[in-house]
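Below you'll find the structure, written out as structure tokens, and then a few comments.
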Amino acid sequence: MNIVKVEVGGGNIAVVSSNEILIGDVQSALDLMATVQYESGCNRIIINKSLLSESFFDLKTRLAGEILQKFINYRVKVAIIGDFSVYSSQSLKDFIYESNSGNDIFFLPTEQQAIEKLSMLK
């Protein structure tokens, strides 16, 4: 896992990258949050969707809701970047739309858009 700290608008954002899936269950999400906080001091994180298990995007598993609730509970803002048009599930599209309407979780196409979005948050 590689963590790059980006300084924008008086705050820091951690951009996490890896060649392997980092989040496959709730515990691995908690571990990621703790590692990022410890190594970078950031509570705003950008991760590529490739770092998430595919079961995350199958809402029937409830994995997405459980994991994202942990990010909210620990006051960590997260932007997941990538191409989400590959998923045909209407409920997932609605979930992404609702998440993007909030202030904690975002699904965005590019890292630059994620940096801009997270830098505007308090």
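In the structure tokens, chains take letters A, B, ... by order of appearance, with residues numbered from 1 within each chain and ligands from 1 in the order shown.
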Item to complete: For segment 18-20 of chain A, list every protein, DNA or RNA residue within 7 Å, evaluated using only C-alpha atoms, and leave out those in the same chain fewer than 3 positions away; present the list as a PyMOL selection string.
Response: chain A and resi 1-2+51
Worksheet entry | Residue nearest Phe106 of chain A among A:Ser85, A:Ser53, A:Val26, A:Leu68 (counting only C-alpha atoms) | A:Leu68
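DSSP on the backbone gives strand (DSSP E) for these parts of chain A: Asn2, Ile3, Val4, Lys5, Val6, Glu7, Val8, Gly11, Asn12, Ile13, Ala14, Val15, Val16, Ser17, Arg44, Ile45, Ile46, Ile47, Asn48, Lys77, Val78, Ala79, Ile80, Ile81, Ile105, Phe106, Phe107 and Leu108 of chain A.
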Practice prompt. Would you mind listing what lies within 6 Å of Ala79 of chain A as a ChimeraX atom specification, with only C-alpha atoms counted and same-chain residues fewer than 6 positions away left out?
Written response: /A:46,105-107,114
Worksheet entry | Top pick for closest residue to Ile45 of chain A, considering A:Val78, A:Ile72, A:Ala64, A:Gln27 and counting only C-alpha atoms |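 Smallest separation from Ile45 of chain A among the options: A:Val78.
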Worksheet item: With only C-alpha atoms as the basis for distance, which of A:Ile115, A:Val4, A:Leu92, A:Leu22 is at the shortest distance from Asp58 of chain A?
Response: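 Of A:Ile115, A:Val4, A:Leu92, A:Leu22, the one nearest Asp58 of chain A is A:Leu92, counting only C-alpha atoms.
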Worksheet entry | 7 Å contact set for Leu52 of chain A, only C-alpha atoms, chain neighbours under 6 positions out, as an MDAnalysis selection string | chainID A and resid 21:24
Worksheet, complete the sentence: In Å and to one decimal, atom CA of Ser88 of chain A is distant from atom CA of Ser55 of chain A by 14.2 Å
Worksheet entry | Proximity to Gly11 of chain A - best of A:Met33, A:Asp25, A:Asn43, A:Phe84, only C-alpha atoms |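 Looking only at the distances to Gly11 of chain A, the closest residue turns out to be A:Asn43.
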Item to complete: Extract the full set of helix (DSSP H, G or I) residues from segment 9-103 of chain A according to DSSP on the backbone, and format it as a ChimeraX atom specification.
Response: /A:26-40,49-51,54-57,59-61,63-73,90-100
Discussion item. I need the residue nearest Ser28 of chain A from this list: A:Phe71, A:Asn48, A:Lys5, A:Glu111. Use only C-alpha atoms for the distance.
Written reply: A:Phe71
Fill in: Among the residues A:Asn100, A:Gln112, A:Ala29, A:Ile47, the one that comes closest to Lys70 of chain A [using only C-alpha atoms]
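Looking at the shortest contact to Lys70 of chain A, the residue is A:Ala29.
Taking atom CA of Glu66 of chain A and atom CA of Gly82 of chain A as the two end points, the separation is 20.6 Å.
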Practice prompt. Would you list the contacts of Ser40 of chain A as a list of chain:residue names, taking every protein, DNA or RNA residue within 10 Å and counting only C-alpha atoms, but skipping same-chain residues closer than 4 positions in sequence?
Written response: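 Close residues of Ser40 of chain A: A:Ile3, A:Val4, A:Lys5, A:Val6, A:Asn12, A:Ile13, A:Ala14, A:Val15, A:Ala34, A:Thr35, A:Val36.
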Keeping all heavy atoms, export the residues of the selection given above as a PDB file, in the first residue's frame.
```
ATOM      1  N   ILE A   3       0.680   5.512   0.336  1.00  0.00           N
ATOM      2  CA  ILE A   3      -0.136   6.652   0.744  1.00  0.00           C
ATOM      3  C   ILE A   3       0.604   7.930   0.375  1.00  0.00           C
ATOM      4  O   ILE A   3       1.734   8.141   0.813  1.00  0.00           O
ATOM      5  CB  ILE A   3      -0.417   6.635   2.266  1.00  0.00           C
ATOM      6  CG1 ILE A   3      -1.122   5.337   2.660  1.00  0.00           C
ATOM      7  CG2 ILE A   3      -1.238   7.853   2.666  1.00  0.00           C
ATOM      8  CD1 ILE A   3      -1.229   5.122   4.161  1.00  0.00           C
ATOM      9  N   VAL A   4      -0.040   8.754  -0.452  1.00  0.00           N
ATOM     10  CA  VAL A   4       0.528  10.042  -0.832  1.00  0.00           C
ATOM     11  C   VAL A   4      -0.355  11.132  -0.224  1.00  0.00           C
ATOM     12  O   VAL A   4      -1.574  11.124  -0.412  1.00  0.00           O
ATOM     13  CB  VAL A   4       0.574  10.201  -2.371  1.00  0.00           C
ATOM     14  CG1 VAL A   4       1.067  11.578  -2.765  1.00  0.00           C
ATOM     15  CG2 VAL A   4       1.438   9.117  -2.987  1.00  0.00           C
ATOM     16  N   LYS A   5       0.270  12.047   0.494  1.00  0.00           N
ATOM     17  CA  LYS A   5      -0.478  13.134   1.125  1.00  0.00           C
ATOM     18  C   LYS A   5      -0.496  14.337   0.191  1.00  0.00           C
ATOM     19  O   LYS A   5       0.548  14.785  -0.274  1.00  0.00           O
ATOM     20  CB  LYS A   5       0.168  13.495   2.461  1.00  0.00           C
ATOM     21  CG  LYS A   5      -0.668  14.427   3.290  1.00  0.00           C
ATOM     22  CD  LYS A   5      -0.350  14.383   4.768  1.00  0.00           C
ATOM     23  CE  LYS A   5       0.981  14.961   5.127  1.00  0.00           C
ATOM     24  NZ  LYS A   5       1.146  15.151   6.577  1.00  0.00           N
ATOM     25  N   VAL A   6      -1.702  14.825  -0.107  1.00  0.00           N
ATOM     26  CA  VAL A   6      -1.889  15.985  -0.976  1.00  0.00           C
ATOM     27  C   VAL A   6      -2.390  17.126  -0.103  1.00  0.00           C
ATOM     28  O   VAL A   6      -3.376  16.975   0.617  1.00  0.00           O
ATOM     29  CB  VAL A   6      -2.927  15.670  -2.087  1.00  0.00           C
ATOM     30  CG1 VAL A   6      -3.160  16.887  -2.961  1.00  0.00           C
ATOM     31  CG2 VAL A   6      -2.493  14.475  -2.914  1.00  0.00           C
ATOM     32  N   ASN A  12      -5.262  18.346   4.398  1.00  0.00           N
ATOM     33  CA  ASN A  12      -4.547  17.256   3.748  1.00  0.00           C
ATOM     34  C   ASN A  12      -5.502  16.146   3.339  1.00  0.00           C
ATOM     35  O   ASN A  12      -6.452  15.849   4.056  1.00  0.00           O
ATOM     36  CB  ASN A  12      -3.477  16.684   4.683  1.00  0.00           C
ATOM     37  CG  ASN A  12      -2.405  17.699   4.996  1.00  0.00           C
ATOM     38  OD1 ASN A  12      -1.988  18.445   4.121  1.00  0.00           O
ATOM     39  ND2 ASN A  12      -1.953  17.733   6.237  1.00  0.00           N
ATOM     40  N   ILE A  13      -5.197  15.541   2.209  1.00  0.00           N
ATOM     41  CA  ILE A  13      -5.974  14.417   1.695  1.00  0.00           C
ATOM     42  C   ILE A  13      -4.995  13.289   1.399  1.00  0.00           C
ATOM     43  O   ILE A  13      -3.948  13.525   0.783  1.00  0.00           O
ATOM     44  CB  ILE A  13      -6.738  14.807   0.415  1.00  0.00           C
ATOM     45  CG1 ILE A  13      -7.714  15.955   0.688  1.00  0.00           C
ATOM     46  CG2 ILE A  13      -7.463  13.602  -0.168  1.00  0.00           C
ATOM     47  CD1 ILE A  13      -8.331  16.563  -0.556  1.00  0.00           C
ATOM     48  N   ALA A  14      -5.323  12.084   1.844  1.00  0.00           N
ATOM     49  CA  ALA A  14      -4.481  10.920   1.568  1.00  0.00           C
ATOM     50  C   ALA A  14      -4.996  10.212   0.323  1.00  0.00           C
ATOM     51  O   ALA A  14      -6.174   9.878   0.243  1.00  0.00           O
ATOM     52  CB  ALA A  14      -4.497   9.974   2.756  1.00  0.00           C
ATOM     53  N   VAL A  15      -4.100   9.996  -0.637  1.00  0.00           N
ATOM     54  CA  VAL A  15      -4.431   9.230  -1.830  1.00  0.00           C
ATOM     55  C   VAL A  15      -3.778   7.861  -1.659  1.00  0.00           C
ATOM     56  O   VAL A  15      -2.553   7.756  -1.594  1.00  0.00           O
ATOM     57  CB  VAL A  15      -3.933   9.922  -3.112  1.00  0.00           C
ATOM     58  CG1 VAL A  15      -4.299   9.100  -4.339  1.00  0.00           C
ATOM     59  CG2 VAL A  15      -4.512  11.329  -3.224  1.00  0.00           C
ATOM     60  N   ALA A  34      -7.209   3.279  10.011  1.00  0.00           N
ATOM     61  CA  ALA A  34      -6.217   3.427  11.073  1.00  0.00           C
ATOM     62  C   ALA A  34      -4.824   3.646  10.493  1.00  0.00           C
ATOM     63  O   ALA A  34      -4.072   4.511  10.973  1.00  0.00           O
ATOM     64  CB  ALA A  34      -6.239   2.192  11.973  1.00  0.00           C
ATOM     65  N   THR A  35      -4.475   2.896   9.465  1.00  0.00           N
ATOM     66  CA  THR A  35      -3.154   3.024   8.840  1.00  0.00           C
ATOM     67  C   THR A  35      -2.978   4.404   8.221  1.00  0.00           C
ATOM     68  O   THR A  35      -1.945   5.058   8.406  1.00  0.00           O
ATOM     69  CB  THR A  35      -2.948   1.933   7.764  1.00  0.00           C
ATOM     70  OG1 THR A  35      -3.068   0.651   8.394  1.00  0.00           O
ATOM     71  CG2 THR A  35      -1.594   2.057   7.101  1.00  0.00           C
ATOM     72  N   VAL A  36      -4.001   4.857   7.494  1.00  0.00           N
ATOM     73  CA  VAL A  36      -3.925   6.181   6.856  1.00  0.00           C
ATOM     74  C   VAL A  36      -3.808   7.272   7.919  1.00  0.00           C
ATOM     75  O   VAL A  36      -2.983   8.184   7.800  1.00  0.00           O
ATOM     76  CB  VAL A  36      -5.141   6.418   5.930  1.00  0.00           C
ATOM     77  CG1 VAL A  36      -5.221   7.873   5.485  1.00  0.00           C
ATOM     78  CG2 VAL A  36      -5.080   5.495   4.730  1.00  0.00           C
TER      79      VAL A  36
END
```
Discussion item. When you look at Leu121 of chain A with a cut-off of 9 Å (counting only C-alpha atoms), what residues show up, excluding the ones that are within fewer than 5 positions of it in the same chain? I need them as a ChimeraX atom specification.
Written reply: /A:77,103-104
